[in-house]
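Q: Data: structure.cif, mmCIF, C-alpha atoms.
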data_target
loop_
_atom_site.label_atom_id
_atom_site.label_comp_id
_atom_site.auth_asym_id
_atom_site.auth_seq_id
_atom_site.Cartn_x
_atom_site.Cartn_y
_atom_site.Cartn_z
CA MET S 10 -16.65 -38.68 -4.42
CA HIS S 11 -15.06 -35.36 -5.33
CA ASP S 12 -11.30 -34.86 -5.42
CA ILE S 13 -11.56 -31.48 -3.69
CA ILE S 14 -14.27 -29.61 -1.84
CA ILE S 15 -13.59 -25.90 -1.42
CA ILE S 16 -15.51 -24.06 1.27
CA GLY S 17 -15.97 -20.41 0.32
CA GLY S 18 -16.00 -18.50 -2.95
CA GLY S 19 -13.74 -15.58 -2.10
CA LEU S 20 -10.50 -14.89 -3.93
CA SER S 21 -8.56 -17.76 -2.38
CA GLY S 22 -11.33 -20.30 -2.89
CA LEU S 23 -11.95 -19.23 -6.49
CA ILE S 24 -8.27 -19.18 -7.50
CA ASN S 25 -7.75 -22.63 -5.95
CA SER S 26 -10.81 -23.92 -7.80
CA ILE S 27 -9.64 -22.57 -11.16
CA LEU S 28 -6.11 -23.96 -10.92
CA LEU S 29 -7.20 -27.38 -9.63
CA SER S 30 -10.07 -27.76 -12.11
CA ARG S 31 -7.79 -26.81 -14.99
CA ALA S 32 -5.45 -29.57 -13.84
CA GLY S 33 -8.28 -32.07 -14.33
CA LEU S 34 -9.47 -32.52 -10.74
CA ASP S 35 -13.12 -32.92 -9.74
CA VAL S 36 -13.74 -29.75 -7.70
CA LEU S 37 -16.89 -28.75 -5.79
CA LEU S 38 -17.05 -25.21 -4.40
CA LEU S 39 -19.65 -24.29 -1.76
CA GLU S 40 -20.49 -20.60 -1.26
CA LYS S 41 -23.04 -19.35 1.28
CA ASN S 42 -23.96 -16.24 -0.75
CA VAL S 43 -25.12 -15.82 -4.36
CA PHE S 44 -22.87 -14.03 -6.87
CA PRO S 45 -22.55 -11.13 -7.36
CA PHE S 46 -22.45 -9.62 -3.88
CA HIS S 47 -20.53 -7.00 -1.91
CA ARG S 48 -17.93 -7.81 0.72
CA VAL S 49 -16.30 -5.58 3.33
CA CYS S 50 -12.91 -5.15 1.67
CA GLY S 51 -10.56 -2.33 0.71
CA GLU S 52 -10.65 -3.54 -2.91
CA TYR S 53 -7.02 -2.62 -3.58
CA VAL S 54 -4.80 -5.33 -5.08
CA SER S 55 -1.02 -5.14 -4.81
CA ASN S 56 0.73 -5.43 -8.19
CA GLU S 57 2.78 -8.38 -6.95
CA VAL S 58 -0.03 -10.61 -8.29
CA ILE S 59 -0.13 -9.24 -11.85
CA PRO S 60 2.43 -11.65 -13.39
CA PHE S 61 0.50 -14.59 -11.93
CA LEU S 62 -2.92 -13.30 -13.01
CA GLU S 63 -1.71 -12.54 -16.53
CA ALA S 64 0.02 -15.92 -16.87
CA HIS S 65 -3.26 -17.67 -16.05
CA ASP S 66 -5.54 -15.33 -18.04
CA LEU S 67 -7.08 -14.04 -14.81
CA PHE S 68 -6.20 -10.35 -14.90
CA PRO S 69 -9.48 -8.38 -15.18
CA ALA S 70 -8.24 -5.97 -17.84
CA HIS S 71 -11.67 -5.53 -19.43
CA PHE S 72 -12.89 -3.78 -16.26
CA LEU S 73 -10.15 -1.16 -16.83
CA PRO S 74 -8.97 -1.23 -13.19
CA PRO S 75 -7.19 2.00 -12.21
CA SER S 76 -3.46 1.93 -11.55
CA ILE S 77 -2.64 3.20 -8.05
CA HIS S 78 0.93 4.21 -7.22
CA GLN S 79 0.71 6.94 -4.57
CA LEU S 80 -0.01 6.58 -0.83
CA GLN S 81 -1.28 9.32 1.47
CA ILE S 82 -1.51 8.92 5.25
CA SER S 83 -3.13 11.48 7.54
CA SER S 84 -3.10 11.75 11.33
CA THR S 85 -6.25 12.08 13.42
CA LYS S 86 -5.86 15.87 13.09
CA GLY S 87 -5.50 15.76 9.32
CA ARG S 88 -1.75 16.30 9.01
CA SER S 89 -0.53 14.16 6.13
CA PHE S 90 2.25 13.00 3.85
CA THR S 91 2.18 11.48 0.37
CA ALA S 92 4.74 9.00 -0.93
CA PRO S 93 5.18 6.73 -3.95
CA LEU S 94 4.37 3.04 -3.60
CA ASP S 95 7.25 0.81 -4.71
CA LEU S 96 5.03 -1.83 -6.29
CA GLY S 97 1.72 -0.04 -6.48
CA GLY S 98 -1.55 -1.77 -7.13
CA PHE S 99 -4.88 -1.67 -8.91
CA GLY S 100 -8.45 -1.19 -7.73
CA ILE S 101 -11.40 -3.45 -8.45
CA SER S 102 -14.57 -4.22 -6.51
CA ARG S 103 -15.21 -7.68 -5.15
CA PHE S 104 -18.72 -7.40 -6.63
CA VAL S 105 -17.38 -7.67 -10.18
CA PHE S 106 -14.04 -9.47 -9.60
CA ASP S 107 -15.45 -12.38 -7.59
CA GLN S 108 -18.33 -12.94 -10.00
CA TRP S 109 -15.96 -12.89 -12.99
CA LEU S 110 -13.63 -15.37 -11.29
CA ALA S 111 -16.61 -17.60 -10.43
CA GLN S 112 -17.52 -17.66 -14.13
CA LYS S 113 -13.90 -18.51 -14.98
CA SER S 114 -14.04 -21.28 -12.39
CA GLN S 115 -17.19 -22.80 -13.87
CA GLU S 116 -15.68 -22.59 -17.36
CA SER S 117 -12.68 -24.50 -15.97
CA GLY S 118 -14.97 -27.31 -14.78
CA THR S 119 -15.70 -26.44 -11.15
CA GLN S 120 -19.16 -27.26 -9.82
CA ILE S 121 -20.29 -24.26 -7.75
CA LEU S 122 -23.21 -24.49 -5.34
CA GLN S 123 -24.32 -21.02 -4.25
CA GLY S 124 -26.56 -20.19 -1.30
CA THR S 125 -25.01 -23.15 0.53
CA ARG S 126 -23.52 -22.71 4.01
CA VAL S 127 -21.16 -25.36 5.35
CA LEU S 128 -21.95 -26.40 8.92
CA ASP S 129 -19.26 -29.04 9.47
CA ALA S 130 -16.31 -30.69 7.76
CA THR S 131 -14.85 -33.88 9.23
CA PHE S 132 -11.88 -36.05 8.32
CA MET S 133 -13.10 -39.66 8.31
CA GLY S 134 -9.69 -41.32 8.00
CA GLU S 135 -9.70 -41.94 4.24
CA HIS S 136 -11.90 -39.07 3.08
CA PHE S 137 -13.74 -35.94 4.26
CA LEU S 138 -17.44 -35.53 4.99
CA VAL S 139 -18.88 -32.02 4.53
CA LYS S 140 -22.35 -31.14 5.84
CA THR S 141 -24.36 -28.11 4.67
CA ASP S 142 -27.41 -26.16 5.77
CA GLN S 143 -29.30 -27.69 2.83
CA ASN S 144 -29.39 -30.97 4.81
CA LYS S 145 -26.95 -32.51 2.34
CA GLN S 146 -23.60 -34.24 2.71
CA TYR S 147 -20.68 -34.34 0.30
CA GLU S 148 -17.54 -36.46 0.29
CA SER S 149 -14.09 -35.58 -0.99
CA ARG S 150 -10.48 -36.66 -0.80
CA LEU S 151 -9.33 -33.19 0.34
CA VAL S 152 -10.97 -30.06 1.74
CA ILE S 153 -9.74 -26.51 1.26
CA SER S 154 -11.43 -24.21 3.74
CA ALA S 155 -11.42 -20.67 2.33
CA HIS S 156 -14.43 -19.53 4.33
CA GLY S 157 -13.15 -16.07 5.26
CA LYS S 158 -12.43 -14.14 8.44
CA ARG S 159 -14.94 -15.75 10.80
CA ALA S 160 -17.63 -18.34 10.10
CA LYS S 161 -20.02 -20.79 11.69
CA LEU S 162 -17.56 -23.52 10.70
CA ASP S 163 -14.90 -21.99 12.97
CA GLN S 164 -17.28 -22.38 15.91
CA THR S 165 -18.13 -25.97 14.97
CA LEU S 166 -14.43 -26.80 14.78
CA SER S 167 -13.73 -24.96 18.07
CA ARG S 168 -10.78 -23.15 16.53
CA PRO S 169 -8.87 -21.37 19.32
CA PHE S 170 -9.16 -17.85 17.85
CA ILE S 171 -12.97 -17.98 17.93
CA LYS S 172 -12.92 -17.68 21.74
CA GLU S 173 -11.10 -14.34 21.54
CA HIS S 174 -13.69 -11.67 20.82
CA SER S 175 -12.32 -8.91 18.62
CA PRO S 176 -13.29 -5.27 19.17
CA TYR S 177 -13.10 -4.19 15.51
CA VAL S 178 -15.96 -3.43 13.14
CA GLY S 179 -15.48 -2.98 9.38
CA VAL S 180 -17.67 -0.61 7.33
CA LYS S 181 -17.65 -0.21 3.53
CA TYR S 182 -19.26 2.16 1.03
CA HIS S 183 -18.94 2.79 -2.68
CA VAL S 184 -18.99 6.48 -3.51
CA LYS S 185 -18.59 8.93 -6.36
CA THR S 186 -16.27 11.77 -5.41
CA ASP S 187 -13.49 14.09 -6.53
CA PHE S 188 -10.34 12.16 -5.67
CA PRO S 189 -7.14 11.26 -7.58
CA ASP S 190 -7.39 8.00 -9.54
CA ASN S 191 -3.78 7.03 -8.75
CA LEU S 192 -3.91 7.56 -4.97
CA ILE S 193 -4.80 5.37 -2.02
CA ALA S 194 -5.33 7.30 1.22
CA LEU S 195 -5.37 6.07 4.81
CA HIS S 196 -6.97 8.61 7.13
CA ASN S 197 -6.69 8.12 10.88
CA PHE S 198 -9.37 8.88 13.44
CA GLU S 199 -9.62 8.06 17.13
CA GLY S 200 -10.18 4.30 17.38
CA GLY S 201 -9.62 3.42 13.73
CA TYR S 202 -8.66 4.40 10.20
CA CYS S 203 -10.35 4.81 6.83
CA GLY S 204 -9.06 3.92 3.37
CA VAL S 205 -10.21 5.40 0.09
CA SER S 206 -9.16 4.46 -3.44
CA LYS S 207 -10.52 4.14 -6.97
CA ILE S 208 -12.14 0.96 -8.27
CA GLU S 209 -13.64 0.24 -11.71
CA GLY S 210 -15.82 2.76 -13.54
CA ASP S 211 -16.21 6.11 -11.81
CA LYS S 212 -16.56 4.63 -8.32
CA PHE S 213 -14.37 4.76 -5.23
CA ASN S 214 -14.10 2.37 -2.31
CA LEU S 215 -14.44 3.99 1.11
CA CYS S 216 -13.81 1.47 3.86
CA TYR S 217 -12.96 1.94 7.51
CA MET S 218 -12.28 -0.08 10.62
CA VAL S 219 -13.40 1.22 14.00
CA HIS S 220 -13.26 0.01 17.59
CA ARG S 221 -16.69 -1.19 18.73
CA ASP S 222 -16.44 1.02 21.85
CA GLN S 223 -16.80 4.02 19.56
CA VAL S 224 -19.97 2.54 18.03
CA ARG S 225 -21.42 1.87 21.48
CA LYS S 226 -20.50 5.34 22.70
CA HIS S 227 -22.10 7.16 19.76
CA GLY S 228 -25.01 4.79 19.23
CA SER S 229 -24.69 4.07 15.51
CA ILE S 230 -22.40 3.97 12.48
CA LYS S 231 -23.69 7.41 11.45
CA GLY S 232 -23.02 8.72 14.94
CA VAL S 233 -19.42 7.50 14.82
CA GLU S 234 -18.93 9.15 11.43
CA ASN S 235 -20.33 12.51 12.53
CA GLU S 236 -18.69 12.61 15.96
CA VAL S 237 -15.38 10.78 15.44
CA LEU S 238 -14.36 10.46 11.79
CA PHE S 239 -15.25 14.08 11.06
CA ARG S 240 -12.64 15.31 13.58
CA ASN S 241 -10.15 14.53 10.82
CA PRO S 242 -10.80 17.37 8.33
CA LYS S 243 -9.80 15.17 5.38
CA LEU S 244 -12.48 12.64 6.30
CA ARG S 245 -15.07 15.34 6.95
CA HIS S 246 -14.42 16.82 3.50
CA LEU S 247 -14.55 13.38 1.87
CA PHE S 248 -17.86 12.39 3.47
CA GLN S 249 -19.49 15.77 2.87
CA ASN S 250 -18.44 15.90 -0.80
CA SER S 251 -19.26 12.37 -1.96
CA ASP S 252 -22.32 10.70 -3.43
CA PHE S 253 -22.93 7.49 -1.48
CA LEU S 254 -24.09 4.63 -3.73
CA PHE S 255 -25.29 2.22 -1.00
CA SER S 256 -28.51 2.88 0.92
CA THR S 257 -26.79 1.31 3.93
CA PRO S 258 -23.12 0.36 4.34
CA GLU S 259 -21.73 -3.15 4.28
CA VAL S 260 -20.72 -4.00 7.86
CA ILE S 261 -18.78 -6.87 9.41
CA ASN S 262 -18.21 -7.43 13.13
CA GLU S 263 -15.38 -8.99 15.10
CA ILE S 264 -12.56 -8.56 12.61
CA THR S 265 -9.63 -10.38 14.17
CA PHE S 266 -5.91 -10.36 13.41
CA VAL S 267 -4.84 -12.99 15.94
CA LYS S 268 -2.68 -15.85 14.77
CA LYS S 269 -4.59 -18.71 13.15
CA GLU S 270 -3.63 -22.17 11.93
CA PRO S 271 -3.01 -22.78 8.20
CA ILE S 272 -4.08 -26.39 8.85
CA TYR S 273 -6.73 -27.48 11.36
CA GLU S 274 -8.21 -30.97 11.73
CA HIS S 275 -6.63 -31.80 8.34
CA LEU S 276 -8.54 -28.96 6.66
CA LEU S 277 -6.26 -26.85 4.46
CA MET S 278 -7.02 -23.24 5.38
CA SER S 279 -6.60 -20.62 2.66
CA GLY S 280 -7.02 -16.84 2.54
CA ASP S 281 -8.38 -15.05 5.62
CA ALA S 282 -9.32 -18.42 7.15
CA ALA S 283 -5.58 -19.05 7.59
CA GLY S 284 -4.78 -15.57 8.87
CA MET S 285 -5.82 -12.01 8.11
CA ILE S 286 -3.35 -9.19 7.51
CA THR S 287 -4.30 -5.79 8.91
CA PRO S 288 -6.18 -3.78 6.25
CA LEU S 289 -3.79 -0.82 6.35
CA CYS S 290 -1.18 -3.02 4.64
CA GLY S 291 -3.25 -3.07 1.47
CA ASN S 292 -2.22 -6.63 0.80
CA GLY S 293 -5.07 -8.93 1.83
CA MET S 294 -6.37 -9.60 -1.69
CA ALA S 295 -2.88 -10.26 -3.04
CA MET S 296 -2.08 -12.62 -0.17
CA ALA S 297 -5.28 -14.59 -0.78
CA ILE S 298 -4.36 -15.03 -4.44
CA HIS S 299 -0.75 -15.94 -3.66
CA ALA S 300 -1.74 -18.43 -0.95
CA ALA S 301 -4.10 -20.17 -3.37
CA SER S 302 -1.41 -20.46 -6.04
CA LEU S 303 0.97 -22.04 -3.53
CA LEU S 304 -1.58 -24.45 -2.08
CA SER S 305 -2.87 -25.68 -5.43
CA GLU S 306 0.68 -26.32 -6.63
CA ILE S 307 1.50 -28.29 -3.47
CA ILE S 308 -1.66 -30.39 -3.88
CA LEU S 309 -0.89 -31.19 -7.51
CA THR S 310 2.73 -32.15 -6.84
CA ASN S 311 1.63 -34.58 -4.09
CA LYS S 312 -1.00 -36.43 -6.12
CA THR S 313 -0.49 -39.87 -7.65
CA GLY S 314 -3.44 -41.19 -9.63
CA ASP S 315 -6.48 -40.74 -7.39
CA HIS S 316 -4.35 -40.60 -4.24
CA PHE S 317 -3.34 -37.44 -2.41
CA ASP S 318 -0.44 -37.68 0.06
CA LEU S 319 -2.14 -35.69 2.81
CA PRO S 320 0.74 -35.79 5.35
CA ALA S 321 3.15 -34.51 2.68
CA ILE S 322 0.69 -31.82 1.57
CA GLU S 323 0.18 -30.65 5.16
CA ALA S 324 3.90 -30.55 5.96
CA ARG S 325 4.81 -28.70 2.78
CA TYR S 326 1.93 -26.25 3.01
CA LEU S 327 2.62 -25.38 6.66
CA HIS S 328 6.29 -24.73 5.88
CA THR S 329 5.55 -22.71 2.74
CA TRP S 330 2.74 -20.68 4.33
CA ASN S 331 4.87 -19.69 7.32
CA GLN S 332 7.81 -18.89 5.06
CA GLN S 333 5.73 -16.63 2.82
CA PHE S 334 3.20 -15.01 5.15
CA ALA S 335 3.97 -15.32 8.88
CA THR S 336 6.37 -12.36 8.96
CA ARG S 337 3.99 -10.19 6.91
CA LEU S 338 1.10 -10.85 9.29
CA TRP S 339 3.32 -10.10 12.30
CA ALA S 340 4.59 -6.87 10.72
CA GLY S 341 1.04 -5.82 9.88
CA ARG S 342 -0.06 -6.26 13.49
CA LYS S 343 2.88 -4.16 14.70
CA ILE S 344 2.39 -1.36 12.16
CA GLN S 345 -1.29 -1.18 13.04
CA GLY S 346 -0.20 0.03 16.48
CA LEU S 347 0.67 3.36 14.81
CA PHE S 348 -2.89 3.83 13.56
CA GLY S 349 -6.15 4.88 15.18
CA LYS S 350 -4.51 6.83 18.01
CA GLY S 351 -3.72 10.55 18.07
CA GLN S 352 -0.04 10.66 19.05
CA ALA S 353 0.83 7.40 17.31
CA SER S 354 -0.73 8.59 14.05
CA GLU S 355 1.25 11.84 14.32
CA LEU S 356 4.39 9.70 14.69
CA ALA S 357 3.43 7.70 11.60
CA VAL S 358 3.04 10.91 9.59
CA PHE S 359 6.34 12.29 10.96
CA THR S 360 8.09 9.06 9.96
CA GLY S 361 6.61 9.22 6.47
CA LYS S 362 7.60 12.86 6.02
CA TYR S 363 11.08 12.94 7.49
CA MET S 364 12.27 9.31 7.68
CA LYS S 365 11.25 8.08 4.24
CA PRO S 366 13.67 5.11 3.99
CA MET S 367 12.29 3.73 7.27
CA ALA S 368 8.70 4.22 6.10
CA ARG S 369 9.38 2.42 2.82
CA ALA S 370 11.13 -0.41 4.67
CA LEU S 371 8.08 -0.84 6.93
CA ILE S 372 5.76 -1.02 3.91
CA ARG S 373 8.03 -3.59 2.23
CA GLN S 374 7.80 -5.80 5.34
CA THR S 375 4.11 -6.42 4.62
CA HIS S 376 4.45 -7.16 0.89
CA GLY S 377 5.93 -9.97 -1.15
CA GLU S 378 7.77 -10.10 -4.45
CA PRO S 379 5.97 -10.47 -7.78
CA PHE S 380 5.25 -14.15 -8.53
CA THR S 381 3.94 -16.27 -11.38
#
In structure tokens, what does this structure look like?

A:
Amino acid sequence: MHDIIIIGGGLSGLINSILLSRAGLDVLLLEKNVFPFHRVCGEYVSNEVIPFLEAHDLFPAHFLPPSIHQLQISSTKGRSFTAPLDLGGFGISRFVFDQWLAQKSQESGTQILQGTRVLDATFMGEHFLVKTDQNKQYESRLVISAHGKRAKLDQTLSRPFIKEHSPYVGVKYHVKTDFPDNLIALHNFEGGYCGVSKIEGDKFNLCYMVHRDQVRKHGSIKGVENEVLFRNPKLRHLFQNSDFLFSTPEVINEITFVKKEPIYEHLLMSGDAAGMITPLCGNGMAMAIHAASLLSEIILTNKTGDHFDLPAIEARYLHTWNQQFATRLWAGRKIQGLFGKGQASELAVFTGKYMKPMARALIRQTHGEPFT
């Protein structure tokens, strides 16, 4: 029997696996894909995580990630403002970062099974039983479910949020273009917004979220880009003056920001599985890393010999998660109301231009303090 089974090899799952394996636990991580692979993600990491990553030898310095410390926001008509970011961040693709962390995890002692989708995870009273699509079963004392935004497992568990269909579609490209290395831009269009920022090498991440009604109306992703995104002159210029490195974009459907449960059926949810912050906040990757650091510490402090005090772990994790992240998720949902609509996006730009203290206060609401 394993001490811990971790479902999902994203940032939260990988960081949990590294910290717990380094502490001497028997950790099995199950990932449905095979590293390396692309994910729909803005690929911007808030600098609040740097002290933690450096303290644990997990900062990807050898990829030379660009330092980003300026924010530009444009309205649907292309009016814009630029402002400094208090904390700033760095850019790195999930393609290289996740694979590198997976290697770090294996070096720490984690057993990683790739190409393995989890179908069910059940608490049996004294242990957990995890079933996969490989017709295999695994047992563990604890399960961390870091399976991402929306998965087959959520349906199996009948999690409440799965019944609420979300209208948002996420689309991601990597491009080569003429754009400042130190800037992250959020460009509004009717029904969504698009972010662009530098990642490693000479590449840029171009990622947008759009309402599915726009996709239906215009028939395709390309149709939405030509007929909707291009109404913002900044987006039109960006698309028409970039070399696109993917033959087809990465796409994810039904992105949801509704409230989720950090614990469900005794499964400890981590990362987007516990709750997803709106992408415009630029803080999803940092939150996944921070949540993993908190959860792994709580697990280790409530372990005696081979025994984990599950009630104590659940109570402490629920309290800590809500304390650290609930307000940020709420603020992100509220701020998103200013994006993807003509007049509201003009208000956001006006606020950024002429009410700078308020704009900075709003941004701070979605971010945490640096941690180790």

Q: Once the PyMOL selection byres ((chain S and resi 222) around 12) has been evaluated on this model, what residues remain selected, and can you format them as a list in words?

A: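 Applied to this file, the PyMOL selection byres ((chain S and resi 222) around 12) selects Ser175, Pro176, Tyr177, Val178, Glu199, Gly200, Gly201, Val219, His220, Arg221, Gln223, Val224, Arg225, Lys226, His227, Gly228, Ser229, Ile230, Val233 and Val237 of chain S.
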
Q: Got a sec to check which residues sit within 8 Å of (-15.5, -26.6, -3.3), counting all atoms listed in the file, and write them as a list in words?

A: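 Within 8 Å of (-15.5, -26.6, -3.3), the protein and nucleic acid residues are Ile13, Ile14, Ile15, Ile16, Gly17, Gly22, Ser26, Val36, Leu37, Leu38, Leu39, Thr119, Gln120, Ile121, Val152 and Ile153 of chain S.
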
Q: CA of Tyr53 in chain S to CA of Phe99 in chain S: how many Å, to one decimal?

A: 5.8 Å

Q: Looking at all atoms listed in the file, which of S:Ser302, S:Gln112, S:Gln81, S:Ser354 is the one that sits closest to Val58 in chain S?

A: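 Using all atoms listed in the file, the shortest distance to Val58 in chain S belongs to S:Ser302.
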
Q: Taking all atoms listed in the file into account, name the residue in S:Lys350, S:Val139, S:Leu28, S:Gln249 that is nearest to Asn235 in chain S.

A: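 Smallest separation from Asn235 in chain S among the options: S:Gln249.
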
Q: With 12 Å as the threshold, what does the neighbourhood of (2.0, -19.0, -1.2) contain in terms of residues, counting all atoms listed in the file? Coordinates are those of the file; answer as a PyMOL selection string.

A: chain S and resi 21+25+58+61+271+278-280+283+295-307+325-335+377-381

Q: Just checking: using only C-alpha atoms, which residue out of S:Cys203, S:Leu67, S:Leu244, S:Leu254 ends up closest to Met218 in chain S?

A: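 The answer is S:Cys203, which sits nearest to Met218 in chain S.
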
Q: Using Å and a single decimal, report how far CA of Pro75 in chain S sits from CA of Asn197 in chain S.

A: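 For CA of Asn197 in chain S relative to CA of Pro75 in chain S, the distance reads 23.9 Å.
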
Q: Report, in Å with one decimal, the straight-line distance from CA of Tyr147 in chain S to CA of Gly134 in chain S.

A: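 According to the coordinates, CA of Tyr147 in chain S and CA of Gly134 in chain S are separated by 15.1 Å.
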
Q: Which is closer to Ile272 in chain S than all the others in S:Ala155, S:Ile344, S:Val205, S:Leu195, using all atoms listed in the file?

A: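 Result for the nearest residue to Ile272 in chain S: S:Ala155.
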
Q: Return the single residue from S:Lys158, S:His65, S:Lys181, S:Lys212 that is closest to Gly293 in chain S, with distances computed using only C-alpha atoms.

A: S:Lys158

Q: Taking into account all atoms listed in the file, which residue in the set S:Pro45, S:Gly179, S:Gly284, S:Pro258 is nearest to Arg103 in chain S?

A: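 Closest to Arg103 in chain S of all the choices is S:Pro45.
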
Q: Report as a short mmCIF file (atom, residue, chain, number, x, y, z; two decimals) with C-alpha atoms, in the frame of the given file the full result of the PyMOL selection byres ((chain S and resi 209) around 6) when it is applied to this structure.

A:
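New file selection08.cif:
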data_model
loop_
_atom_site.label_atom_id
_atom_site.label_comp_id
_atom_site.auth_asym_id
_atom_site.auth_seq_id
_atom_site.Cartn_x
_atom_site.Cartn_y
_atom_site.Cartn_z
CA PRO S 74 -8.97 -1.23 -13.19
CA ILE S 101 -11.40 -3.45 -8.45
CA ILE S 208 -12.14 0.96 -8.27
CA GLY S 210 -15.82 2.76 -13.54
#

Q: Do you know which residues the PyMOL selection byres ((chain S and resi 33) around 12) returns on this file, as an MDAnalysis selection string?

A: chainID S and resid 11:13 26:32 34:36 117:119 309 312 314:315

Q: Could you build a table of the residues in range 105-141 of chain S lying no more than 12 Å from range 317-321 of chain S, giving for each the nearest pair of atoms and their separation in Å rounded to one decimal place, using all atoms listed in the file, ordered by chain and ascending residue number, as a Markdown table?

A:
| residue | atom | partner | partner_atom | distance |
| --- | --- | --- | --- | --- |
| S:Phe132 | CA | S:Leu319 | CA | 11.2 |
| S:Gly134 | CA | S:Leu319 | CA | 10.8 |
| S:Glu135 | CA | S:Leu319 | CA | 9.9 |
| S:His136 | CA | S:Phe317 | CA | 10.3 |
| S:Phe137 | CA | S:Leu319 | CA | 11.7 |

Q: Can you tell me which residues surround Val358 in chain S at a distance of at most 9 Å, considering only C-alpha atoms, apart from same-chain residues fewer than 6 positions away, and format the answer as number ranges by chain?

A: S: 82-84, 88-90

Q: Got a sec: who's within 7 Å of His183 in chain S, counting all atoms listed in the file, leaving out chain neighbours fewer than 3 positions off, as a PDB file with C-alpha atoms, in the frame of the given file?

A:
ATOM      1  CA  LYS S 212     -16.560   4.630  -8.320  1.00  0.00           C
ATOM      2  CA  PHE S 213     -14.370   4.760  -5.230  1.00  0.00           C
ATOM      3  CA  ASN S 214     -14.100   2.370  -2.310  1.00  0.00           C
ATOM      4  CA  LEU S 215     -14.440   3.990   1.110  1.00  0.00           C
ATOM      5  CA  PHE S 253     -22.930   7.490  -1.480  1.00  0.00           C
ATOM      6  CA  LEU S 254     -24.090   4.630  -3.730  1.00  0.00           C
ATOM      7  CA  PHE S 255     -25.290   2.220  -1.000  1.00  0.00           C
TER       8      PHE S 255
END

Q: Draw an axis-aligned box over all listed atoms of range 294-311 of chain S, pad each side with 6 Å, and write its centre and edge lengths in Å, one decimal, as lines of an AutoDock Vina configuration file.

A:
center_x = -1.8
center_y = -22.1
center_z = -3.8
size_x = 21.1
size_y = 37.0
size_z = 19.3

Q: Kindly reconstruct range 110-122 of chain S with N, CA and C atoms and present the result as a PDB file, in the frame of the given file.

A:
ATOM      1  N   LEU S 110     -14.437 -14.196 -11.600  1.00  0.00           N
ATOM      2  CA  LEU S 110     -13.630 -15.370 -11.290  1.00  0.00           C
ATOM      3  C   LEU S 110     -14.500 -16.614 -11.120  1.00  0.00           C
ATOM      4  N   ALA S 111     -15.697 -16.456 -10.563  1.00  0.00           N
ATOM      5  CA  ALA S 111     -16.610 -17.600 -10.430  1.00  0.00           C
ATOM      6  C   ALA S 111     -17.001 -18.130 -11.812  1.00  0.00           C
ATOM      7  N   GLN S 112     -17.225 -17.233 -12.765  1.00  0.00           N
ATOM      8  CA  GLN S 112     -17.520 -17.660 -14.130  1.00  0.00           C
ATOM      9  C   GLN S 112     -16.322 -18.390 -14.741  1.00  0.00           C
ATOM     10  N   LYS S 113     -15.120 -17.855 -14.506  1.00  0.00           N
ATOM     11  CA  LYS S 113     -13.900 -18.510 -14.980  1.00  0.00           C
ATOM     12  C   LYS S 113     -13.760 -19.904 -14.359  1.00  0.00           C
ATOM     13  N   SER S 114     -14.118 -20.007 -13.085  1.00  0.00           N
ATOM     14  CA  SER S 114     -14.040 -21.280 -12.390  1.00  0.00           C
ATOM     15  C   SER S 114     -14.985 -22.311 -12.995  1.00  0.00           C
ATOM     16  N   GLN S 115     -16.217 -21.893 -13.246  1.00  0.00           N
ATOM     17  CA  GLN S 115     -17.190 -22.800 -13.870  1.00  0.00           C
ATOM     18  C   GLN S 115     -16.748 -23.208 -15.273  1.00  0.00           C
ATOM     19  N   GLU S 116     -16.194 -22.271 -16.024  1.00  0.00           N
ATOM     20  CA  GLU S 116     -15.680 -22.590 -17.360  1.00  0.00           C
ATOM     21  C   GLU S 116     -14.517 -23.589 -17.278  1.00  0.00           C
ATOM     22  N   SER S 117     -13.800 -23.579 -16.160  1.00  0.00           N
ATOM     23  CA  SER S 117     -12.680 -24.500 -15.970  1.00  0.00           C
ATOM     24  C   SER S 117     -13.136 -25.887 -15.533  1.00  0.00           C
ATOM     25  N   GLY S 118     -14.425 -26.007 -15.154  1.00  0.00           N
ATOM     26  CA  GLY S 118     -14.970 -27.310 -14.780  1.00  0.00           C
ATOM     27  C   GLY S 118     -15.419 -27.438 -13.346  1.00  0.00           C
ATOM     28  N   THR S 119     -15.269 -26.384 -12.547  1.00  0.00           N
ATOM     29  CA  THR S 119     -15.700 -26.440 -11.150  1.00  0.00           C
ATOM     30  C   THR S 119     -17.224 -26.459 -11.057  1.00  0.00           C
ATOM     31  N   GLN S 120     -17.735 -27.307 -10.164  1.00  0.00           N
ATOM     32  CA  GLN S 120     -19.160 -27.260  -9.820  1.00  0.00           C
ATOM     33  C   GLN S 120     -19.307 -26.303  -8.648  1.00  0.00           C
ATOM     34  N   ILE S 121     -20.084 -25.247  -8.814  1.00  0.00           N
ATOM     35  CA  ILE S 121     -20.290 -24.260  -7.750  1.00  0.00           C
ATOM     36  C   ILE S 121     -21.729 -24.329  -7.267  1.00  0.00           C
ATOM     37  N   LEU S 122     -21.887 -24.540  -5.964  1.00  0.00           N
ATOM     38  CA  LEU S 122     -23.210 -24.490  -5.340  1.00  0.00           C
ATOM     39  C   LEU S 122     -23.284 -23.211  -4.516  1.00  0.00           C
TER      40      LEU S 122
END
